[in-house]
Amino acid sequence: MPSMPSLRPTRRSPGPAPARIPVPTARAIVDCAVYIDGERLPGKFTHSAALAEVRARGKGFAWVGLHAPDEYQMGSVAEVFGLHELTVEDAVHAHQRPKLELYDDVLFLVLRTVNYVEHESITTANEVVETGEIMIFLGTDFVVTVRHGEHSGLAGVRALMEANPSRLALGPSAVLHAIADHVVDQYLAVTESVEKDVDLMEEEVFSPRTRVPIEQIYLLKREIVELRKSVNPLASPLQRLSQDTTTGVPKEVRRYLRDVQDHHTIVAERIAEFDEVLSTLVEAALAKVAVQQNTDMRKISAWVAIAAVPTMIAGIYGMNFDHMPELRWSYGYYGVIALIVTACAGLFVTFRRNNWL
C-alpha cells in the first residue's frame, strides 16, 4: 500500500541573515564647508569634495561636522581624511575621557561636554548634570568634529567663527580653540547653576525643623563627581596645546588657548569647593539626624516615665494580699486615681520645664 504524503509543513533551514543596508554618510554630516582666507565658499560640499576643493586650491581648509556617526559613516570619512583606525573606534563608541593624541600629522582631541538639567527643587531632582562628547580631528587642511549628545551642538560656534574671518584665516587650529573655548565656557555656566543648588541644599540642611533626605545630598555629590570626571582630565591636554610646539598649533592660537586654560582652572577649583561643601553637608545632615533621634528618644523616655507611675501603682494594688493599706477603704479607688493623676502631672510639668517634652 503506497504511503500517504505527510500533511505537515516542512521546516526550512534558516538562511543567512539579510545584509544590513549602510546608512549614507550624509545622514551623519550636520554641516560641511570650505574656508578660503577665512571666508566660506558658497555651495554645498560632500566631505570628499570639500577636501578635494581645498587641495586643488592649495590653501584654506575644510570643516566637516558629524553627529553620532556609525562605523560605516565614520569609516567613510576616515578613508577620505586619512584618520587612524584607533581614533575612528573612539569616535564611534564615545565614552572617552578628555585626552589629546597625535597620529602622524593629525591631532585628535576629546572633550567632554556638560549641560545643566533644569529641575523644580534640588531636594526632589533625579539628575542635575548630563554629559556628552566632542571629538576633534585636526589636520593641516581640515577639521573633522564628531559630537555625541543632543546638547553639544556647534552651529553657534561655526556662526561666530564665520562672522570673524580674520580668526578663521588662522587655519584649523582656530576652530579647535573656538570649540575648546565654547566647551569651557559651558563648564563655567554649569558650575554657576550648580553653585545655586549647593547653596540651596546648604540652607535646607541648616534650616530648623527641616528634614533633608541624605540620599539627595549623595545624588548631588554624585553629579559633582560626574562633573569632575568630565572637567579635570582636560587640564593636561589644554596645557600641552598651549605650551607644546610639537602639536603644530600656531603661536597666535596658543596664546588664546592659555586663556581657555585659565578658565578651566577656575572651573576645576569651583568643583573642588563643591565637593568639600557637600562632604561637610553629609556630615552635618548625619549629625542633625543623630540630634533629632536623641530628642525623640528623650521624649519617648519622658512619656515612658509618666506611664510607669500608674503601671507601678496598679501593679502594687493588683497583688492578692489580704492586709493592704486602704484596701477596704470606701474612697480608696478615688484616692489612688488622685495619686496617679497628681504624680503624672508633676512629672509632666517637670519634663516640660526641662524641655524634654
# chains A, B, ... in the order shown; residues from 1 in each chain; ligands from 1
>>> residues_around(residues="A:Lys299", least_positions_apart="2", cutoff="6 Å", atoms="only C-alpha atoms", output="PyMOL selection string")
chain A and resi 296-297+301-302+356-357
>>> write_last_selection(atoms="all heavy atoms", output="PDB file, in the first residue's frame")
ATOM      1  N   ASP A 296      14.058  62.660  70.068  1.00  0.00           N
ATOM      2  CA  ASP A 296      12.921  61.739  70.052  1.00  0.00           C
ATOM      3  C   ASP A 296      13.014  60.721  71.189  1.00  0.00           C
ATOM      4  O   ASP A 296      11.998  60.415  71.852  1.00  0.00           O
ATOM      5  CB  ASP A 296      12.846  61.020  68.706  1.00  0.00           C
ATOM      6  CG  ASP A 296      12.523  61.969  67.556  1.00  0.00           C
ATOM      7  OD1 ASP A 296      12.012  63.072  67.825  1.00  0.00           O
ATOM      8  OD2 ASP A 296      12.806  61.609  66.395  1.00  0.00           O
ATOM      9  N   MET A 297      14.236  60.206  71.401  1.00  0.00           N
ATOM     10  CA  MET A 297      14.405  59.224  72.476  1.00  0.00           C
ATOM     11  C   MET A 297      14.153  59.859  73.841  1.00  0.00           C
ATOM     12  O   MET A 297      13.604  59.211  74.746  1.00  0.00           O
ATOM     13  CB  MET A 297      15.825  58.645  72.426  1.00  0.00           C
ATOM     14  CG  MET A 297      16.056  57.689  71.270  1.00  0.00           C
ATOM     15  SD  MET A 297      14.926  56.270  71.322  1.00  0.00           S
ATOM     16  CE  MET A 297      15.366  55.526  72.884  1.00  0.00           C
ATOM     17  N   SER A 301      11.368  58.589  76.368  1.00  0.00           N
ATOM     18  CA  SER A 301      11.726  58.217  77.737  1.00  0.00           C
ATOM     19  C   SER A 301      10.875  58.956  78.754  1.00  0.00           C
ATOM     20  O   SER A 301      10.479  58.390  79.798  1.00  0.00           O
ATOM     21  CB  SER A 301      13.214  58.519  77.977  1.00  0.00           C
ATOM     22  OG  SER A 301      14.026  57.782  77.090  1.00  0.00           O
ATOM     23  N   ALA A 302      10.580  60.249  78.473  1.00  0.00           N
ATOM     24  CA  ALA A 302       9.746  61.029  79.397  1.00  0.00           C
ATOM     25  C   ALA A 302       8.343  60.450  79.484  1.00  0.00           C
ATOM     26  O   ALA A 302       7.776  60.294  80.584  1.00  0.00           O
ATOM     27  CB  ALA A 302       9.692  62.489  78.935  1.00  0.00           C
ATOM     28  N   TRP A 356      12.059  68.501  77.889  1.00  0.00           N
ATOM     29  CA  TRP A 356      12.055  67.107  77.455  1.00  0.00           C
ATOM     30  C   TRP A 356      10.775  66.795  76.689  1.00  0.00           C
ATOM     31  O   TRP A 356      10.709  65.810  75.974  1.00  0.00           O
ATOM     32  CB  TRP A 356      12.156  66.194  78.677  1.00  0.00           C
ATOM     33  CG  TRP A 356      13.565  66.026  79.174  1.00  0.00           C
ATOM     34  CD1 TRP A 356      14.497  66.999  79.341  1.00  0.00           C
ATOM     35  CD2 TRP A 356      14.181  64.804  79.563  1.00  0.00           C
ATOM     36  NE1 TRP A 356      15.669  66.493  79.823  1.00  0.00           N
ATOM     37  CE2 TRP A 356      15.499  65.121  79.965  1.00  0.00           C
ATOM     38  CE3 TRP A 356      13.760  63.477  79.646  1.00  0.00           C
ATOM     39  CZ2 TRP A 356      16.406  64.161  80.418  1.00  0.00           C
ATOM     40  CZ3 TRP A 356      14.653  62.517  80.100  1.00  0.00           C
ATOM     41  CH2 TRP A 356      15.953  62.853  80.474  1.00  0.00           C
ATOM     42  N   LEU A 357       9.777  67.614  76.863  1.00  0.00           N
ATOM     43  CA  LEU A 357       8.508  67.416  76.177  1.00  0.00           C
ATOM     44  C   LEU A 357       8.086  68.704  75.490  1.00  0.00           C
ATOM     45  O   LEU A 357       8.509  69.789  75.886  1.00  0.00           O
ATOM     46  CB  LEU A 357       7.417  66.986  77.176  1.00  0.00           C
ATOM     47  CG  LEU A 357       7.543  65.560  77.735  1.00  0.00           C
ATOM     48  CD1 LEU A 357       6.477  65.321  78.791  1.00  0.00           C
ATOM     49  CD2 LEU A 357       7.409  64.520  76.622  1.00  0.00           C
TER      50      LEU A 357
END
>>> select_by_dssp(residues="stretch 121-326 of chain A", states="alpha helix (DSSP H)", output="MDAnalysis selection string")
chainID A and resid 155:162 165:168 172:206 214:231 235:243 251:317
>>> write_last_selection(atoms="C-alpha atoms", output="CSV table (one decimal), in the first residue's frame")
chain,number,residue,atom,x,y,z
A,155,ALA,CA,26.2,75.5,15.0
A,156,GLY,CA,26.6,78.6,17.2
A,157,VAL,CA,30.4,78.2,17.3
A,158,ARG,CA,30.5,77.9,13.5
A,159,ALA,CA,28.4,81.0,13.1
A,160,LEU,CA,30.6,83.1,15.4
A,161,MET,CA,33.7,81.9,13.5
A,162,GLU,CA,32.2,82.7,10.1
A,165,PRO,CA,37.0,85.8,9.0
A,166,SER,CA,40.3,87.0,10.5
A,167,ARG,CA,40.1,84.3,13.1
A,168,LEU,CA,39.2,81.6,10.6
A,172,PRO,CA,42.1,74.7,11.5
A,173,SER,CA,43.7,75.3,14.9
A,174,ALA,CA,41.5,78.4,15.3
A,175,VAL,CA,38.5,76.1,15.1
A,176,LEU,CA,40.0,73.9,17.7
A,177,HIS,CA,40.4,76.9,20.0
A,178,ALA,CA,36.8,78.1,19.4
A,179,ILE,CA,35.4,74.7,20.3
A,180,ALA,CA,37.5,74.3,23.4
A,181,ASP,CA,36.6,77.9,24.5
A,182,HIS,CA,32.9,77.1,23.9
A,183,VAL,CA,33.1,73.9,26.0
A,184,VAL,CA,35.0,75.5,28.9
A,185,ASP,CA,32.6,78.5,28.9
A,186,GLN,CA,29.7,76.0,29.2
A,187,TYR,CA,31.6,74.5,32.2
A,188,LEU,CA,31.5,77.9,33.8
A,189,ALA,CA,27.8,78.3,33.2
A,190,VAL,CA,27.0,74.9,34.6
A,191,THR,CA,29.1,75.4,37.7
A,192,GLU,CA,27.3,78.7,38.4
A,193,SER,CA,24.0,76.9,38.2
A,194,VAL,CA,25.3,74.0,40.3
A,195,GLU,CA,26.6,76.5,42.9
A,196,LYS,CA,23.0,77.7,43.4
A,197,ASP,CA,21.9,74.2,44.0
A,198,VAL,CA,24.7,73.6,46.6
A,199,ASP,CA,23.7,76.9,48.4
A,200,LEU,CA,20.0,75.8,48.5
A,201,MET,CA,21.0,72.4,49.8
A,202,GLU,CA,23.1,74.1,52.5
A,203,GLU,CA,20.1,76.2,53.5
A,204,GLU,CA,17.9,73.2,53.7
A,205,VAL,CA,20.3,71.2,55.8
A,206,PHE,CA,20.9,74.0,58.3
A,214,ILE,CA,20.6,62.3,52.9
A,215,GLU,CA,20.0,60.5,49.6
A,216,GLN,CA,19.5,63.8,47.8
A,217,ILE,CA,22.9,65.1,49.1
A,218,TYR,CA,24.5,62.0,47.8
A,219,LEU,CA,22.8,62.5,44.5
A,220,LEU,CA,24.1,66.0,44.2
A,221,LYS,CA,27.6,64.8,45.2
A,222,ARG,CA,27.4,62.0,42.6
A,223,GLU,CA,26.6,64.7,39.9
A,224,ILE,CA,29.6,66.7,41.1
A,225,VAL,CA,31.7,63.6,40.7
A,226,GLU,CA,30.4,63.2,37.2
A,227,LEU,CA,31.2,66.9,36.5
A,228,ARG,CA,34.7,66.5,37.9
A,229,LYS,CA,35.4,63.4,35.7
A,230,SER,CA,34.4,65.5,32.7
A,231,VAL,CA,36.3,68.6,33.5
A,235,ALA,CA,43.8,70.1,32.2
A,236,SER,CA,46.6,68.1,30.7
A,237,PRO,CA,45.5,68.4,27.0
A,238,LEU,CA,45.0,72.2,27.4
A,239,GLN,CA,48.4,72.6,29.0
A,240,ARG,CA,50.0,70.7,26.2
A,241,LEU,CA,48.1,72.6,23.4
A,242,SER,CA,49.1,76.0,24.9
A,243,GLN,CA,52.7,75.2,25.6
A,251,LYS,CA,51.8,80.6,18.4
A,252,GLU,CA,48.9,83.1,18.0
A,253,VAL,CA,46.4,80.3,18.7
A,254,ARG,CA,48.4,79.1,21.7
A,255,ARG,CA,48.0,82.5,23.3
A,256,TYR,CA,44.2,82.2,23.1
A,257,LEU,CA,44.4,78.6,24.5
A,258,ARG,CA,46.2,79.9,27.6
A,259,ASP,CA,43.1,82.0,28.3
A,260,VAL,CA,41.0,78.8,27.9
A,261,GLN,CA,43.3,77.0,30.3
A,262,ASP,CA,42.9,79.8,32.9
A,263,HIS,CA,39.1,79.5,32.7
A,264,HIS,CA,39.4,75.7,33.0
A,265,THR,CA,41.5,76.1,36.2
A,266,ILE,CA,38.7,78.3,37.7
A,267,VAL,CA,36.1,75.6,36.9
A,268,ALA,CA,38.3,72.9,38.5
A,269,GLU,CA,38.7,74.9,41.7
A,270,ARG,CA,35.0,75.5,41.9
A,271,ILE,CA,34.2,71.8,41.5
A,272,ALA,CA,36.7,71.0,44.3
A,273,GLU,CA,34.9,73.5,46.6
A,274,PHE,CA,31.6,72.0,45.8
A,275,ASP,CA,32.9,68.5,46.7
A,276,GLU,CA,34.2,69.8,50.1
A,277,VAL,CA,31.0,71.6,50.9
A,278,LEU,CA,28.8,68.5,50.1
A,279,SER,CA,31.1,66.3,52.2
A,280,THR,CA,30.5,68.8,55.1
A,281,LEU,CA,26.8,68.8,54.4
A,282,VAL,CA,26.7,65.0,54.6
A,283,GLU,CA,28.4,65.1,58.0
A,284,ALA,CA,26.0,67.9,59.1
A,285,ALA,CA,22.9,66.0,57.9
A,286,LEU,CA,24.1,62.9,59.8
A,287,ALA,CA,24.7,65.0,62.9
A,288,LYS,CA,21.3,66.6,62.6
A,289,VAL,CA,19.7,63.2,62.3
A,290,ALA,CA,21.5,62.0,65.4
A,291,VAL,CA,20.4,65.0,67.3
A,292,GLN,CA,16.8,64.5,66.2
A,293,GLN,CA,17.0,60.9,67.3
A,294,ASN,CA,18.3,61.9,70.7
A,295,THR,CA,15.5,64.4,71.0
A,296,ASP,CA,12.9,61.7,70.1
A,297,MET,CA,14.4,59.2,72.5
A,298,ARG,CA,14.3,61.8,75.3
A,299,LYS,CA,10.6,62.5,74.6
A,300,ILE,CA,9.9,58.7,74.5
A,301,SER,CA,11.7,58.2,77.7
A,302,ALA,CA,9.7,61.0,79.4
A,303,TRP,CA,6.4,59.5,78.4
A,304,VAL,CA,7.6,56.1,79.5
A,305,ALA,CA,8.4,57.6,82.9
A,306,ILE,CA,5.0,59.1,83.2
A,307,ALA,CA,3.3,55.9,82.1
A,308,ALA,CA,5.4,54.0,84.7
A,309,VAL,CA,3.6,55.7,87.6
A,310,PRO,CA,0.1,54.3,87.1
A,311,THR,CA,1.6,51.0,86.0
A,312,MET,CA,3.6,50.7,89.2
A,313,ILE,CA,0.6,51.7,91.5
A,314,ALA,CA,-1.8,49.4,89.6
A,315,GLY,CA,0.8,46.6,89.9
A,316,ILE,CA,1.1,47.1,93.7
A,317,TYR,CA,-2.7,47.1,94.3
>>> closest_residue(among="A:Val143, A:Val128, A:Ile134, A:Ala345", to="A:Val106", atoms="only C-alpha atoms")
A:Val143
